[in-house]
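The structure under discussion appears below in the form of structure tokens.
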Amino acid sequence: MENNFPLNEEEIDGYVKIDRYNPEKVARIAAHYAEILELLGEDPSRSGLVKTPERVAKALQFLTHGYDLDAATVLRSAMFEEEYSQMVVVKDIEVYSMCEHHMLPFFGKAHVAYIPNGHIVGLSKIPRVVDIFARRLQVQERLTNEIRDCIHKTLQPAGVAVVVECKHLCMCMRGVQKQNSVTTTSAFTGEFVHERTRNEFLRLITASLG
């Protein structure tokens, strides 16, 4: 799905800043954030906060732009027939998402593997699928399943494996305030349900090839 938001280019000291956003949504979200600042006891008219509501509105659109994209279409754009039938692993994919319960970030890494069954996919498309689902309001458990299900339904491989490891600021900054806790989720289909194949995947994502 194409993003039809207007293109805003701003050149500062030779650096071109490019933003895509919906001006109507920016204005509506910004108006609410100005009120929120007042409710928090701040003065939204002071110099440091004058543009904050607009900045937050644009940031939220960027952080949730996955709603405007179709992950399956991205995968189909780079599918190729190939008689390769061994495991393909893309590991250490950066993940940045927003917890839907507190709208605070969670971030970490995703490790994704699939076993081709007649088709392979361009390697860059797997991180793009991760980003598309991460750039939405999420819970880590659903994020893990959505990545798995999209790859499984679109490529129809012999199996898919996904492991996601993240730190959640809703646990670090508030609540139990456990700064060193990491949450790990996993999802498997097909051949990865079998212990031998799953263990090979887990060994590969923890191995250091340096």
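Ordering of the structure tokens sets the chain letters (A, B, ...), residue numbers begin anew at 1 in every chain, and ligands are numbered from 1 in the order given.
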
Could you pull the residues within 6 Å of region 110-124 of chain A, counting only C-alpha atoms, minus those fewer than 2 positions along the same chain, as a CSV table (one decimal) with C-alpha atoms, in the first residue's frame?
chain,number,residue,atom,x,y,z
A,78,ALA,CA,10.7,-10.2,-4.2
A,79,MET,CA,9.8,-13.9,-4.4
A,80,PHE,CA,11.9,-16.1,-6.6
A,81,GLU,CA,11.7,-19.7,-7.7
A,82,GLU,CA,14.7,-21.5,-6.3
A,83,GLU,CA,15.4,-25.2,-5.5
A,85,SER,CA,15.7,-26.4,0.7
A,86,GLN,CA,18.0,-25.6,3.6
A,87,MET,CA,17.4,-23.2,6.5
A,88,VAL,CA,17.6,-19.4,5.8
A,89,VAL,CA,18.3,-17.4,8.9
A,90,VAL,CA,18.3,-13.6,9.3
A,91,LYS,CA,19.2,-12.7,12.9
A,92,ASP,CA,19.8,-9.7,15.0
A,93,ILE,CA,17.1,-7.6,13.2
A,126,ILE,CA,12.4,-10.1,6.1
A,127,PRO,CA,13.6,-7.1,8.2
A,157,PRO,CA,7.7,-22.7,3.2
A,158,ALA,CA,8.4,-26.0,4.9
A,159,GLY,CA,8.6,-24.1,8.2
A,160,VAL,CA,9.1,-20.7,9.8
A,161,ALA,CA,10.8,-19.8,13.1
A,162,VAL,CA,10.7,-16.4,14.9
A,163,VAL,CA,12.4,-15.4,18.2
A,164,VAL,CA,12.0,-11.9,19.6

What parts of region 1-209 of chain A does DSSP call helix (DSSP H, G or I)? I'd like the answer as number ranges by chain. A: 23-39, 52-63, 65-68, 71-76, 125-134, 140-155, 169-172, 191-193, 195-206

Quick one: of A:His102, A:Arg135, A:Arg28, A:Arg76, who's nearest to Ile151 (chain A), counting only C-alpha atoms?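 Of A:His102, A:Arg135, A:Arg28, A:Arg76, the one nearest Ile151 (chain A) is A:Arg76, counting only C-alpha atoms.
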
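Nearest-residue note for Ala71 (chain A): choosing from A:Asp149, A:Asp43, A:Glu200, A:Glu24, the minimum distance belongs to A:Asp149, counting only C-alpha atoms.
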
Contacts of Leu104 (chain A) within 8 Å, only C-alpha atoms, excl. fewer than 5 positions in-chain, as a PDB file with N, CA and C atoms, in the first residue's frame:
ATOM      1  N   MET A  98       5.978  -0.024  20.002  1.00  0.00           N
ATOM      2  CA  MET A  98       5.289   0.696  21.072  1.00  0.00           C
ATOM      3  C   MET A  98       4.305  -0.233  21.753  1.00  0.00           C
ATOM      4  N   CYS A  99       4.443  -0.376  23.060  1.00  0.00           N
ATOM      5  CA  CYS A  99       3.506  -1.177  23.834  1.00  0.00           C
ATOM      6  C   CYS A  99       2.112  -0.554  23.769  1.00  0.00           C
ATOM      7  N   HIS A 168      11.329  -3.755  27.688  1.00  0.00           N
ATOM      8  CA  HIS A 168      10.086  -2.980  27.685  1.00  0.00           C
ATOM      9  C   HIS A 168      10.202  -1.826  28.684  1.00  0.00           C
ATOM     10  N   LEU A 169      10.098  -0.611  28.187  1.00  0.00           N
ATOM     11  CA  LEU A 169      10.222   0.541  29.082  1.00  0.00           C
ATOM     12  C   LEU A 169       9.055   0.647  30.054  1.00  0.00           C
ATOM     13  N   CYS A 170       7.926  -0.015  29.746  1.00  0.00           N
ATOM     14  CA  CYS A 170       6.820  -0.018  30.707  1.00  0.00           C
ATOM     15  C   CYS A 170       7.183  -0.831  31.951  1.00  0.00           C
TER      16      CYS A 170
END

Please report, as a list in words, each residue of region 60-91 of chain A to which DSSP assigns strand (DSSP E) when run on this structure's backbone. Met79, Phe80, Glu81, Val88, Val89, Val90 and Lys91 of chain A

Residue subset to file, keeping all heavy atoms, as an mmCIF file, in the first residue's frame:
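The resulting selection-v4.cif:
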data_model
loop_
_atom_site.group_PDB
_atom_site.id
_atom_site.type_symbol
_atom_site.label_atom_id
_atom_site.label_comp_id
_atom_site.auth_asym_id
_atom_site.auth_seq_id
_atom_site.Cartn_x
_atom_site.Cartn_y
_atom_site.Cartn_z
ATOM 1 N N MET A 79 9.794 -12.417 -4.448
ATOM 2 C CA MET A 79 9.778 -13.881 -4.370
ATOM 3 C C MET A 79 10.358 -14.466 -5.654
ATOM 4 O O MET A 79 10.037 -14.006 -6.748
ATOM 5 C CB MET A 79 8.354 -14.398 -4.169
ATOM 6 C CG MET A 79 7.825 -14.248 -2.764
ATOM 7 S SD MET A 79 6.108 -14.847 -2.602
ATOM 8 C CE MET A 79 6.288 -16.577 -3.060
ATOM 9 N N PHE A 80 11.202 -15.473 -5.477
ATOM 10 C CA PHE A 80 11.864 -16.078 -6.637
ATOM 11 C C PHE A 80 11.809 -17.600 -6.520
ATOM 12 O O PHE A 80 11.973 -18.151 -5.433
ATOM 13 C CB PHE A 80 13.337 -15.641 -6.699
ATOM 14 C CG PHE A 80 13.525 -14.154 -6.589
ATOM 15 C CD1 PHE A 80 13.923 -13.587 -5.387
ATOM 16 C CD2 PHE A 80 13.300 -13.330 -7.677
ATOM 17 C CE1 PHE A 80 14.103 -12.221 -5.273
ATOM 18 C CE2 PHE A 80 13.478 -11.955 -7.583
ATOM 19 C CZ PHE A 80 13.882 -11.405 -6.367
ATOM 20 N N GLU A 81 11.602 -18.258 -7.651
ATOM 21 C CA GLU A 81 11.653 -19.715 -7.671
ATOM 22 C C GLU A 81 13.100 -20.173 -7.524
ATOM 23 O O GLU A 81 13.981 -19.693 -8.235
ATOM 24 C CB GLU A 81 11.059 -20.251 -8.974
ATOM 25 C CG GLU A 81 9.558 -20.052 -9.088
ATOM 26 C CD GLU A 81 8.985 -20.738 -10.310
ATOM 27 O OE1 GLU A 81 9.744 -21.500 -10.975
ATOM 28 O OE2 GLU A 81 7.801 -20.533 -10.608
ATOM 29 N N VAL A 88 17.188 -20.820 5.994
ATOM 30 C CA VAL A 88 17.635 -19.442 5.755
ATOM 31 C C VAL A 88 17.374 -18.662 7.038
ATOM 32 O O VAL A 88 16.231 -18.598 7.499
ATOM 33 C CB VAL A 88 16.896 -18.786 4.578
ATOM 34 C CG1 VAL A 88 17.356 -17.341 4.384
ATOM 35 C CG2 VAL A 88 17.093 -19.595 3.301
ATOM 36 N N VAL A 89 18.415 -18.070 7.603
ATOM 37 C CA VAL A 89 18.299 -17.381 8.888
ATOM 38 C C VAL A 89 18.731 -15.930 8.725
ATOM 39 O O VAL A 89 19.805 -15.651 8.174
ATOM 40 C CB VAL A 89 19.170 -18.041 9.974
ATOM 41 C CG1 VAL A 89 19.006 -17.315 11.310
ATOM 42 C CG2 VAL A 89 18.830 -19.516 10.120
ATOM 43 N N VAL A 90 17.897 -15.018 9.189
ATOM 44 C CA VAL A 90 18.270 -13.602 9.299
ATOM 45 C C VAL A 90 18.150 -13.248 10.780
ATOM 46 O O VAL A 90 17.051 -13.267 11.334
ATOM 47 C CB VAL A 90 17.371 -12.696 8.448
ATOM 48 C CG1 VAL A 90 17.838 -11.237 8.547
ATOM 49 C CG2 VAL A 90 17.357 -13.145 6.996
ATOM 50 N N LYS A 91 19.270 -12.970 11.404
ATOM 51 C CA LYS A 91 19.240 -12.750 12.853
ATOM 52 C C LYS A 91 19.663 -11.329 13.216
ATOM 53 O O LYS A 91 20.169 -10.581 12.386
ATOM 54 C CB LYS A 91 20.120 -13.770 13.579
ATOM 55 C CG LYS A 91 21.614 -13.624 13.358
ATOM 56 C CD LYS A 91 22.356 -14.657 14.212
ATOM 57 C CE LYS A 91 23.856 -14.431 14.174
ATOM 58 N NZ LYS A 91 24.574 -15.359 15.080
#

Among listed residues A:Gln140, A:Thr52, A:Ser77, A:Asn22, nearest Arg128 (chain A) (using only C-alpha atoms):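 Selected residue with least distance to Arg128 (chain A): A:Ser77.
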
Separation of CA of Arg142 (chain A) and CA of Asp70 (chain A), in Å?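 Computed distance, CA of Arg142 (chain A) to CA of Asp70 (chain A), equals 16.4 Å.
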